[in-house]
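Enquirer: Supplied in structure tokens, the structure appears directly below.
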Amino acid sequence: FVSDSKIDGIAISLRYENGVLVSALTRGDGNRGLNVLKQVQKIRSIPLLLRGNPPQILEVRGEIYMPLEEFERVNKERKSKGEQLFANARNSAAGTIKSLDPNIVAKRSLSFIAHGKGEVVWKDMPMTWGVFSKELKSLGIPVNPNIYLCSCISEIIDAIKDLELKRDKLPYAIDGMVIRVDQFSAQ
């Protein structure tokens with residue numbers, strides 16, 4: 001099994017073709033996502049070009065989030081201007097992306113962490129999320145630093161307890177932990 005923290009952000013699907021970022025789609029209304037490529041291009045943690053020898057097609061799913069420190073800075077700035085405060089970092093990130101203004105995105109330090117895969121055309125594609133996430137990192141795509149490889153239920157429980165101890169010190173909001181089968185074919 002592989003377990004990692006569930007980042008409280010906005011779901012996004014990034015599509016790379018021959019190592020070049022070509023689209024960034026939100027979940028939208030559930031049937032059709034909103035293409036926010038221009039906004040996403042302003043998020044420093046999202047590579048526009050992948051490093052190394054990237055796959056022909058790589059669709060990476062993840063979360064765009066606002067680090068808690070940036071959330072506090074943005075709300076302080078909004079308060080000084082007499083503007084309504086954001087309720088939480090997730091809403092702040094969503095409002096930033098949905099503003100459709102790349103300049104606003106550039107002024108706010110949004111970040112991204114990959115948590116899944118979509119369509120992939122990759123000659124030597126890894127067969128597990130654990131190895132896949134290491135390959136993503138080598139391509140320049142941020143992955144969760146709190147990944148736990150677990151072989152039994154007691155290790156999963158230990159991972160949950162460990163993350164619970166770290167939760168208040170994380171630089172981003174989380175809303176739980178995801179536990180999944182590591183082997184893609186068994187998922």
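Following the order of the structure tokens, first chain is A, next is B, and so on, with residues numbered from 1 inside each chain and ligands from 1 in the order they appear.
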What lies within 12 Å of stretch 44-57 of chain A using only C-alpha atoms, ignoring chain neighbours under 5 positions off, as number ranges by chain?
Expert: A: 12-24, 37-39, 62-66, 105-114, 117-126, 132, 135-143
Enquirer: Could you take the residues named above and write them with C-alpha atoms, as a PDB file, in the first residue's frame?
Expert:
ATOM      1  CA  ILE A  12      -6.231  19.835 -11.488  1.00  0.00           C
ATOM      2  CA  SER A  13      -5.179  17.638 -14.376  1.00  0.00           C
ATOM      3  CA  LEU A  14      -1.937  18.649 -16.084  1.00  0.00           C
ATOM      4  CA  ARG A  15      -1.208  17.212 -19.529  1.00  0.00           C
ATOM      5  CA  TYR A  16       2.297  17.080 -20.958  1.00  0.00           C
ATOM      6  CA  GLU A  17       3.041  16.081 -24.529  1.00  0.00           C
ATOM      7  CA  ASN A  18       6.686  15.292 -25.264  1.00  0.00           C
ATOM      8  CA  GLY A  19       7.602  17.077 -22.038  1.00  0.00           C
ATOM      9  CA  VAL A  20       5.682  20.311 -22.762  1.00  0.00           C
ATOM     10  CA  LEU A  21       2.727  21.418 -20.612  1.00  0.00           C
ATOM     11  CA  VAL A  22      -0.199  21.716 -23.064  1.00  0.00           C
ATOM     12  CA  SER A  23      -3.293  21.857 -20.844  1.00  0.00           C
ATOM     13  CA  ALA A  24      -4.431  22.322 -17.258  1.00  0.00           C
ATOM     14  CA  LEU A  37      -3.436  26.799 -18.582  1.00  0.00           C
ATOM     15  CA  LYS A  38      -2.615  30.536 -18.611  1.00  0.00           C
ATOM     16  CA  GLN A  39      -3.105  30.747 -14.839  1.00  0.00           C
ATOM     17  CA  GLY A  62      -2.988  16.703  -8.317  1.00  0.00           C
ATOM     18  CA  GLU A  63      -3.933  19.634  -6.143  1.00  0.00           C
ATOM     19  CA  ILE A  64      -3.225  23.309  -6.500  1.00  0.00           C
ATOM     20  CA  TYR A  65      -3.102  24.800  -3.037  1.00  0.00           C
ATOM     21  CA  MET A  66      -2.205  27.984  -1.251  1.00  0.00           C
ATOM     22  CA  VAL A 105      -1.982  34.061  -9.870  1.00  0.00           C
ATOM     23  CA  ALA A 106       1.531  35.461 -10.346  1.00  0.00           C
ATOM     24  CA  LYS A 107       1.134  37.675  -7.246  1.00  0.00           C
ATOM     25  CA  ARG A 108       0.026  34.797  -5.017  1.00  0.00           C
ATOM     26  CA  SER A 109       2.307  31.899  -4.202  1.00  0.00           C
ATOM     27  CA  LEU A 110       0.134  28.962  -5.181  1.00  0.00           C
ATOM     28  CA  SER A 111       1.732  25.533  -5.257  1.00  0.00           C
ATOM     29  CA  PHE A 112       1.053  22.082  -6.678  1.00  0.00           C
ATOM     30  CA  ILE A 113       1.471  18.477  -5.560  1.00  0.00           C
ATOM     31  CA  ALA A 114       0.790  15.491  -7.818  1.00  0.00           C
ATOM     32  CA  LYS A 117      -2.102   9.699 -13.027  1.00  0.00           C
ATOM     33  CA  GLY A 118      -4.399   9.932 -15.997  1.00  0.00           C
ATOM     34  CA  GLU A 119      -3.497   9.026 -19.558  1.00  0.00           C
ATOM     35  CA  VAL A 120       0.119   7.969 -19.905  1.00  0.00           C
ATOM     36  CA  VAL A 121       2.059   6.876 -22.988  1.00  0.00           C
ATOM     37  CA  TRP A 122       5.429   5.862 -21.554  1.00  0.00           C
ATOM     38  CA  LYS A 123       7.593   3.062 -22.877  1.00  0.00           C
ATOM     39  CA  ASP A 124       8.972   2.080 -19.459  1.00  0.00           C
ATOM     40  CA  MET A 125       6.131   3.292 -17.268  1.00  0.00           C
ATOM     41  CA  PRO A 126       6.531   2.373 -13.590  1.00  0.00           C
ATOM     42  CA  PHE A 132       5.845   6.482 -10.434  1.00  0.00           C
ATOM     43  CA  GLU A 135       9.897   9.319 -11.610  1.00  0.00           C
ATOM     44  CA  LEU A 136       7.568  12.350 -11.509  1.00  0.00           C
ATOM     45  CA  LYS A 137       9.952  14.033  -9.077  1.00  0.00           C
ATOM     46  CA  SER A 138      12.915  13.336 -11.387  1.00  0.00           C
ATOM     47  CA  LEU A 139      10.953  14.997 -14.226  1.00  0.00           C
ATOM     48  CA  GLY A 140      10.498  18.103 -12.037  1.00  0.00           C
ATOM     49  CA  ILE A 141       6.909  17.503 -10.915  1.00  0.00           C
ATOM     50  CA  PRO A 142       6.328  18.038  -7.179  1.00  0.00           C
ATOM     51  CA  VAL A 143       5.031  15.029  -5.250  1.00  0.00           C
TER      52      VAL A 143
END
Enquirer: Name the residues in contact with A:Ile104 at a cut-off of 10 Å, using only C-alpha atoms, excluding same-chain residues fewer than 6 positions from it; report them as an MDAnalysis selection string.
Expert: chainID A and resid 39 42 95:97
Enquirer: When you draw a straight line from atom CA of A:Ala89 to atom CA of A:Ile43, how long is it in Å?
Expert: 15.7 Å
Enquirer: Using only C-alpha atoms, which residues of stretch 33-138 of chain A come within 8 Å of stretch 171-186 of chain A, and what is the closest atom pair for each, with the distance in Å to one decimal? Give it as a Markdown table, sorted by chain and residue number.
Expert:
| residue | atom | partner | partner_atom | distance |
| --- | --- | --- | --- | --- |
| A:Tyr65 | CA | A:Tyr172 | CA | 7.4 |
| A:Met66 | CA | A:Tyr172 | CA | 7.0 |
| A:Pro67 | CA | A:Tyr172 | CA | 4.8 |
| A:Leu68 | CA | A:Tyr172 | CA | 5.3 |
| A:Glu69 | CA | A:Pro171 | CA | 7.2 |
| A:Ala89 | CA | A:Ala173 | CA | 7.3 |
| A:Arg90 | CA | A:Ala173 | CA | 8.0 |
| A:Met127 | CA | A:Phe184 | CA | 5.8 |
| A:Thr128 | CA | A:Gln183 | CA | 4.4 |
| A:Trp129 | CA | A:Asp182 | CA | 5.3 |
| A:Gly130 | CA | A:Asp182 | CA | 6.6 |
Enquirer: Which residues, written as number ranges by chain, have at least one atom at most 8 Å from A:Thr26, with only C-alpha atoms counted and residues fewer than 2 positions away on the same chain left out?
Expert: A: 10-13, 24, 28, 33-36
Enquirer: Restricted to C-alpha atoms, what would the selected residues look like written as a PDB file, in the first residue's frame?
Expert:
ATOM      1  CA  ILE A  10      -8.264  22.423  -6.108  1.00  0.00           C
ATOM      2  CA  ALA A  11      -8.148  19.310  -8.247  1.00  0.00           C
ATOM      3  CA  ILE A  12      -6.231  19.835 -11.488  1.00  0.00           C
ATOM      4  CA  SER A  13      -5.179  17.638 -14.376  1.00  0.00           C
ATOM      5  CA  ALA A  24      -4.431  22.322 -17.258  1.00  0.00           C
ATOM      6  CA  GLY A  28     -15.306  22.097 -13.528  1.00  0.00           C
ATOM      7  CA  GLY A  33     -13.350  21.025 -16.820  1.00  0.00           C
ATOM      8  CA  LEU A  34     -12.205  24.594 -17.147  1.00  0.00           C
ATOM      9  CA  ASN A  35      -8.901  25.056 -19.001  1.00  0.00           C
ATOM     10  CA  VAL A  36      -6.754  27.254 -16.760  1.00  0.00           C
TER      11      VAL A  36
END
